[in-house]
Each structure stands twice: as structure tokens, then as C-alpha cells.
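Structure first, then comments.
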2 protein chains.
Amino acid sequence: MTATGFETHDHSACISTALAAAETCCTEHRLQFTKVRRRVLEILLHEHRALGAYDILAVLAGEGLGAQPPVAYRALEFLVSNGFAHKIEKLNAYIACSLPGQDHSPVFMICRSCQTVVEAQTVLPAGQLAQVARDAGFDIERAVIEAEGTCPACRNSKDAASDAPGTKA
Amino acid sequence: MTATGFETHDHSACISTALAAAETCCTEHRLQFTKVRRRVLEILLHEHRALGAYDILAVLAGEGLGAQPPVAYRALEFLVSNGFAHKIEKLNAYIACSLPGQDHSPVFMICRSCQTVVEAQTVLPAGQLAQVARDAGFDIERAVIEAEGTCPACRNSKDAASDAPGTKA
DNA sequence: ATCTGTAATGTAATACTATATCAACCCGCA
DNA sequence: TGCGGGTTGATATAGTATTACATTACAGAT
Ligand SMILES: [Zn+2]
Ligand SMILES: [Zn+2]
Ligand SMILES: [Zn+2]
Ligand SMILES: [Zn+2]
């Protein structure tokens, strides 16, 4: 039931909450939450992982919502620039935001073994990175932070494997 | 004469130092610093900014060193995986490392107005980001950190412009 | 001196990611 | 009723990266 960490959670609630939040936010800001935009956010929320633009496009095409790249890219651009989704630069992929409405610089953790991508639930304090930039006289507006490593699940299964060395080696 | 910040520096010395360091490092680690690899590093060092793989390829092609994408990508892969260069994910571009031999997770600052990319000279301490990851049970191996903002030069010229409001507005 | 395995290259073709462009459309509004 | 902005549809194209396979270069073993 936790928000969206590496643990499991109530996924359908997670989807509907996020959709409702997006809807409200769009109404407030006079943004048009059109059919394609809504559907793309749904797809991202449903999969709950990073998807390539063409993965999304394939789903849309299967539903008759558009088959050309600009359809997907336009919707993604809308979602990203309004904070409902993020782009994972390292993967050229997109993922629904886990902290919508919080105006944050996202921090992602990408698992090398299972490719799971999780957005950190803790907002990174502006300390060290800002200091490094200040040393260089640079004004930071936004930052891409993407960590690669091993997620809890994969670490556990790796540990288990090394405990029991009977795996055909 | 400073290393490679936003300030100016002795560029030819900067190039030859870095090349010599790479050469030494390759000798020590039994790596083949071949003609193409060396040339690509030279190009990156010479330009001293982020270059796309196809920019590099164009130079190589002009010199008869190879005209097909894999030529550039192989050399870049070698340079990146041995720490002589980095990829800027946000730009799909490559840049020579400013801190070769230091085994660091690079931090880049990308200027929105002039597209200059500078690698921070301060190595980021492992504090906050590691803490955020630990909260999620995630083991970080590497991290991509790319900050977008305004470099000192562009900030100054912007300030000057707003001081003297006679620029056709 | 020849063999052999590995790393590096050469080359072509293709896959994947993203944008440019322009006409048509819809909707809120003067 | 007509205008203007944002959205959409459709085609084309640009930009980035990989696969595949043939070939060459070279170090170490025979
Ligand atoms: Zn987010
Ligand atoms: Zn994992
Ligand atoms: Zn570096
Ligand atoms: Zn600048």
C-alpha cells in the first residue's frame, strides 16, 4: 500500500488517484486533458515502468488513437512539461511521476538486472549539488539525476544465489 | 590557466596533458590506444565541448579514418568505459573527461543559452544521493547527474542587457 | 615459421528515437 | 459570423545507435 517504492502497492488505487490529480490540475490551469493525453498517462501509470515512445505509440495504434510518432511525442511532451511524467534520459524512456504536484527535480534509480525504474520518494535537498554549481558560478534551474545500481529484489536474489552455489557453475 | 571550468585556460597544454595521461593509463592497463581511439579523444579535447557521435564521425570521415557509424561508436565506447570521456545523456553527446584517472561520477552543468557543457571540478561527496537510495534499499553503482541552467558568462550578459533596456524590446 | 585465438576494423544495412511541416479542425470568444 | 489559439492528422525527414558479418592485425603457443 505504500506509494510507489520498490515494494508492492495498491496499483489500481495508485492509477486512479494519479489520474484524478492530473485532471484536477489541468482544470485548475486551463490545460486540455485530451483523450490521447489522458490515455498516454493511463498507459504509463498502468505499466508503472519506463516505456519508450514507440511502445506507447504501439498501444495507441492498437486502439485507433493515432499511429504516427508525433501523436505519442506530443502527448509525452505535454505530460512531461506539466509534471505528470518524466523522461529517463539514460533509457530514452518515459515514466509517470510518483510525486505529481510537488514541483521537484526527480531522482531515479534504475536497476541493472531487472530494468525497473523507481522515482525516489524523498525530495533531494538542494545542498551539495547546488554547492558544486556555486563553486563554478553556475545557476542550476533543473537537474537530471539518474542512478544505476541494484534494486532490493535483485540484490536479495543475487545474495541467495551466492549462498547456495549449486547453480550449474 | 585553470583546469577546465567556465574560465579560459591554456588549451593546447590541456590537450597534450590529457592525451599523455590517457596514453600512460592505457599502457598501464594493457589497453590498446589505437589510432582511431586516440584521434577521437583528440577531437573531443580539441573542441572542448559536447559533440554528437555523427559530428565526430564526420571529422573521421574527412580524414579517411572511417565513415560508418560503428567506427565512431566503438571509439566512444572505449573512451567512455575507460573513463577518458563521458556521455551527456541529455544531449546525446560526448565530451572528454576533465578529471581523468580520478574514478568519479561526473557532474555536468549545461548552459541553456550557449549550450556550453562543463564538468564540475569538485567531486560530489557521496552523501545525500546515497542516503536517498539507502532509504529505498537501492545500491547505487553509477549516477548520471546533469544540471541545466545558466553559465557565468550568459548570466553576466543577461544582467547587462537588463541594465541597459535598449535592445529592441 | 606456422598456427591459433582474440581484439580491432571495415562495411552495409537496419533499428530506434525524435522533429519539421502544413493543412484541417475545434472551440471559446469578440 | 468571423477570428485566433491550441490541437490533430498525415507525410516526410532528421538524428542516434545497433546488428551482422567479413576481414585484418597481432600476440602467444606449437
Ligand atoms: Zn516526479
Ligand atoms: Zn531489479
Ligand atoms: Zn570526468
Ligand atoms: Zn553559457
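Following the order of the C-alpha cells, chains are lettered A, B, ..., residues in each are numbered from 1, and ligands are numbered from 1.
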
Item to complete: Could you please extract the residues within 8 Å of ligand 3, counting only C-alpha atoms (C1' of nucleotides) and all ligand atoms, and hand them back as a PyMOL selection string?
Response: chain B and resi 83-86+96-100+102-107+119

Discussion item. Using DSSP secondary structure from the backbone, list all strand (DSSP E or B) positions within chain A, as a list in words.
Written reply: Leu51, Ala85, His86, Lys87, Ile88, Ala93, Tyr94, Ile95, Ala96, Val107, Phe108, Met109, Ile110, Cys111, Val117, Val118, Glu119, Asp139, Ile140, Glu141, Arg142, Ala143, Val144, Ile145, Glu146, Ala147, Glu148, Gly149 and Thr150 of chain A

Item to complete: Find the residues around range 9-22 of chain B up to 12 Å (only C-alpha atoms (C1' of nucleotides) counted), leave out those fewer than 2 positions away in its own chain, and share them as a ChimeraX atom specification.
Response: /B:1-7,24-34,37-48,78-80,82-85,96-102

Give me, as a compact mmCIF listing (two decimals) with C-alpha atoms (C1' of nucleotides), in the first residue's frame, the contact residues of chain D against chain B at a cut-off of 9 Å, counting only C-alpha atoms (C1' of nucleotides).
# COMPACT_ATOMS: atom_id res chain seq x y z
C1' DG D 15 19.28 12.29 -35.76
C1' DT D 16 21.09 8.49 -32.85
C1' DA D 17 22.56 3.76 -32.23
C1' DT D 18 22.94 -1.26 -33.16

Worksheet item: If we count only C-alpha atoms (C1' of nucleotides), what is near range 20-25 of chain D at a cut-off of 9 Å, once residues fewer than 4 positions away on the same chain are taken out, given as JSON, numbers by chain?
Response: {"C": [7, 8, 9, 10, 11, 13]}

Fill in: Within 10 Å of ligand 2 (only C-alpha atoms (C1' of nucleotides) and all ligand atoms), residues as a list of chain:residue names
A:Phe6, A:Met109, A:Ile110, A:Cys111, A:Arg112, A:Ser113, A:Cys114, A:Gln115, A:Thr116, A:Val117, A:Val118, A:Gly149, A:Thr150, A:Cys151, A:Pro152, A:Ala153, A:Cys154, A:Arg155, A:Asn156, A:Ser157, B:Phe138

Practice prompt. Give as JSON, numbers by chain every residue of chain B that touches chain C within 9 Å, counting only C-alpha atoms (C1' of nucleotides).
Written response: {"B": [34, 66, 68, 71]}

Fill in: Expected answer as a list in words: chain B residues within 7 Å of chain A, only C-alpha atoms
Gly5, Glu89, Lys90, Ala120, Thr122, Val132, Ala136, Gly137, Phe138, Asp139, Ile140, Glu141, Arg142, Ala143, Val144, Ile145, Glu146, Ala147, Glu148, Gly149, Thr150, Cys151 and Pro152 of chain B

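For the choices A:Ala67, A:Ala50, A:Ala75, A:Ile95, the atom-to-atom distance to ligand 1 is smallest for A:Ile95 when using only C-alpha atoms and all ligand atoms.
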
Fill in: Point-to-point distance from CA of Val59 in chain B to C1' of DC26 in chain D, Å rounded to tenths
27.6 Å

Practice prompt. Please give the complete set of residues from range 7-93 of chain B that DSSP, run on the backbone, assigns to alpha helix (DSSP H), formatted as a PyMOL selection string.
Written response: chain B and resi 11-28+35-47+53-62+69-81

Okay, now the selection with N, CA and C atoms, as a compact mmCIF listing (two decimals), in the first residue's frame?
# COMPACT_ATOMS: atom_id res chain seq x y z
N HIS B 11 44.81 25.93 -23.62
CA HIS B 11 44.13 24.81 -24.23
C HIS B 11 45.07 23.77 -24.83
N SER B 12 46.13 24.20 -25.46
CA SER B 12 46.99 23.19 -26.08
C SER B 12 47.68 22.35 -25.01
N ALA B 13 48.01 22.98 -23.88
CA ALA B 13 48.62 22.21 -22.79
C ALA B 13 47.58 21.23 -22.25
N CYS B 14 46.37 21.71 -22.12
CA CYS B 14 45.25 20.90 -21.64
C CYS B 14 45.09 19.65 -22.50
N ILE B 15 45.19 19.84 -23.82
CA ILE B 15 45.05 18.70 -24.72
C ILE B 15 46.20 17.72 -24.56
N SER B 16 47.41 18.24 -24.59
CA SER B 16 48.53 17.31 -24.57
C SER B 16 48.66 16.59 -23.23
N THR B 17 48.31 17.30 -22.16
CA THR B 17 48.34 16.64 -20.85
C THR B 17 47.36 15.47 -20.82
N ALA B 18 46.15 15.74 -21.29
CA ALA B 18 45.12 14.71 -21.23
C ALA B 18 45.49 13.52 -22.13
N LEU B 19 46.03 13.82 -23.30
CA LEU B 19 46.43 12.74 -24.19
C LEU B 19 47.54 11.90 -23.56
N ALA B 20 48.50 12.57 -22.96
CA ALA B 20 49.60 11.85 -22.34
C ALA B 20 49.08 10.98 -21.20
N ALA B 21 48.16 11.54 -20.42
CA ALA B 21 47.59 10.79 -19.31
C ALA B 21 46.87 9.54 -19.83
N ALA B 22 46.11 9.73 -20.91
CA ALA B 22 45.39 8.59 -21.48
C ALA B 22 46.38 7.53 -21.96
N GLU B 23 47.42 7.98 -22.60
CA GLU B 23 48.42 7.06 -23.13
C GLU B 23 49.03 6.24 -22.00
N THR B 24 49.43 6.94 -20.95
CA THR B 24 50.02 6.27 -19.79
C THR B 24 49.05 5.25 -19.22
N CYS B 25 47.83 5.70 -19.03
CA CYS B 25 46.82 4.83 -18.44
C CYS B 25 46.60 3.59 -19.28
N CYS B 26 46.58 3.75 -20.58
CA CYS B 26 46.35 2.60 -21.45
C CYS B 26 47.53 1.63 -21.37
N THR B 27 48.73 2.17 -21.32
CA THR B 27 49.90 1.31 -21.19
C THR B 27 49.82 0.49 -19.91
N GLU B 28 49.52 1.20 -18.81
CA GLU B 28 49.44 0.53 -17.51
C GLU B 28 48.41 -0.59 -17.50
N LYS B 35 44.79 4.21 -33.25
CA LYS B 35 44.76 5.47 -33.99
C LYS B 35 43.40 6.15 -33.91
N VAL B 36 42.35 5.38 -34.20
CA VAL B 36 41.01 5.98 -34.18
C VAL B 36 40.65 6.43 -32.77
N ARG B 37 40.93 5.61 -31.78
CA ARG B 37 40.59 5.96 -30.41
C ARG B 37 41.31 7.24 -29.99
N ARG B 38 42.59 7.27 -30.33
CA ARG B 38 43.38 8.45 -29.98
C ARG B 38 42.83 9.69 -30.69
N ARG B 39 42.52 9.52 -31.96
CA ARG B 39 42.04 10.66 -32.73
C ARG B 39 40.71 11.19 -32.20
N VAL B 40 39.82 10.26 -31.82
CA VAL B 40 38.52 10.70 -31.29
C VAL B 40 38.72 11.47 -29.98
N LEU B 41 39.61 10.98 -29.14
CA LEU B 41 39.87 11.71 -27.89
C LEU B 41 40.46 13.09 -28.22
N GLU B 42 41.36 13.14 -29.19
CA GLU B 42 41.92 14.42 -29.61
C GLU B 42 40.82 15.38 -30.05
N ILE B 43 39.92 14.88 -30.86
CA ILE B 43 38.82 15.72 -31.36
C ILE B 43 37.99 16.26 -30.19
N LEU B 44 37.65 15.37 -29.27
CA LEU B 44 36.85 15.80 -28.12
C LEU B 44 37.61 16.84 -27.30
N LEU B 45 38.90 16.59 -27.09
CA LEU B 45 39.70 17.52 -26.30
C LEU B 45 39.83 18.85 -27.02
N HIS B 46 40.04 18.77 -28.32
CA HIS B 46 40.24 19.98 -29.08
C HIS B 46 39.00 20.86 -29.08
N GLU B 47 37.87 20.27 -29.32
CA GLU B 47 36.63 21.05 -29.35
C GLU B 47 36.27 21.53 -27.95
N ALA B 53 27.96 11.90 -31.85
CA ALA B 53 28.74 10.84 -32.47
C ALA B 53 28.92 11.11 -33.96
N TYR B 54 27.91 11.68 -34.59
CA TYR B 54 27.99 11.91 -36.02
C TYR B 54 28.84 13.14 -36.36
N ASP B 55 28.99 14.05 -35.42
CA ASP B 55 29.93 15.15 -35.61
C ASP B 55 31.34 14.59 -35.69
N ILE B 56 31.62 13.70 -34.76
CA ILE B 56 32.95 13.08 -34.71
C ILE B 56 33.16 12.25 -35.96
N LEU B 57 32.13 11.51 -36.31
CA LEU B 57 32.24 10.65 -37.49
C LEU B 57 32.57 11.47 -38.73
N ALA B 58 31.98 12.66 -38.82
CA ALA B 58 32.24 13.50 -39.99
C ALA B 58 33.71 13.88 -40.06
N VAL B 59 34.28 14.18 -38.91
CA VAL B 59 35.71 14.53 -38.90
C VAL B 59 36.53 13.32 -39.32
N LEU B 60 36.23 12.19 -38.73
CA LEU B 60 36.97 10.96 -39.06
C LEU B 60 36.86 10.68 -40.56
N ALA B 61 35.66 10.81 -41.07
CA ALA B 61 35.46 10.53 -42.49
C ALA B 61 36.30 11.45 -43.36
N GLY B 62 36.37 12.71 -42.95
CA GLY B 62 37.17 13.67 -43.70
C GLY B 62 38.64 13.34 -43.70
N PRO B 69 29.00 4.61 -38.91
CA PRO B 69 28.69 4.87 -37.50
C PRO B 69 29.47 4.00 -36.52
N PRO B 70 29.58 2.71 -36.72
CA PRO B 70 30.27 1.91 -35.70
C PRO B 70 31.69 2.36 -35.42
N VAL B 71 32.34 2.96 -36.38
CA VAL B 71 33.70 3.44 -36.14
C VAL B 71 33.69 4.45 -34.99
N ALA B 72 32.79 5.41 -35.08
CA ALA B 72 32.73 6.42 -34.03
C ALA B 72 32.22 5.81 -32.73
N TYR B 73 31.17 4.99 -32.82
CA TYR B 73 30.59 4.46 -31.59
C TYR B 73 31.55 3.53 -30.86
N ARG B 74 32.34 2.78 -31.60
CA ARG B 74 33.30 1.89 -30.93
C ARG B 74 34.34 2.69 -30.18
N ALA B 75 34.85 3.70 -30.83
CA ALA B 75 35.88 4.52 -30.17
C ALA B 75 35.29 5.21 -28.94
N LEU B 76 34.08 5.73 -29.08
CA LEU B 76 33.45 6.42 -27.96
C LEU B 76 33.20 5.44 -26.81
N GLU B 77 32.76 4.26 -27.15
CA GLU B 77 32.52 3.24 -26.13
C GLU B 77 33.80 2.94 -25.36
N PHE B 78 34.90 2.84 -26.09
CA PHE B 78 36.19 2.61 -25.44
C PHE B 78 36.54 3.75 -24.50
N LEU B 79 36.43 4.96 -25.00
CA LEU B 79 36.81 6.13 -24.21
C LEU B 79 35.91 6.28 -22.98
N VAL B 80 34.63 6.05 -23.17
CA VAL B 80 33.70 6.21 -22.05
C VAL B 80 33.92 5.12 -21.02
N SER B 81 34.07 3.88 -21.48
CA SER B 81 34.13 2.81 -20.48
C SER B 81 35.47 2.81 -19.76

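Atom to atom, CA of Tyr94 in chain B and CA of Leu51 in chain B stand 5.2 Å apart.
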
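Put simply, CA of Gly64 in chain B is 23.1 Å away from CA of Arg49 in chain B.
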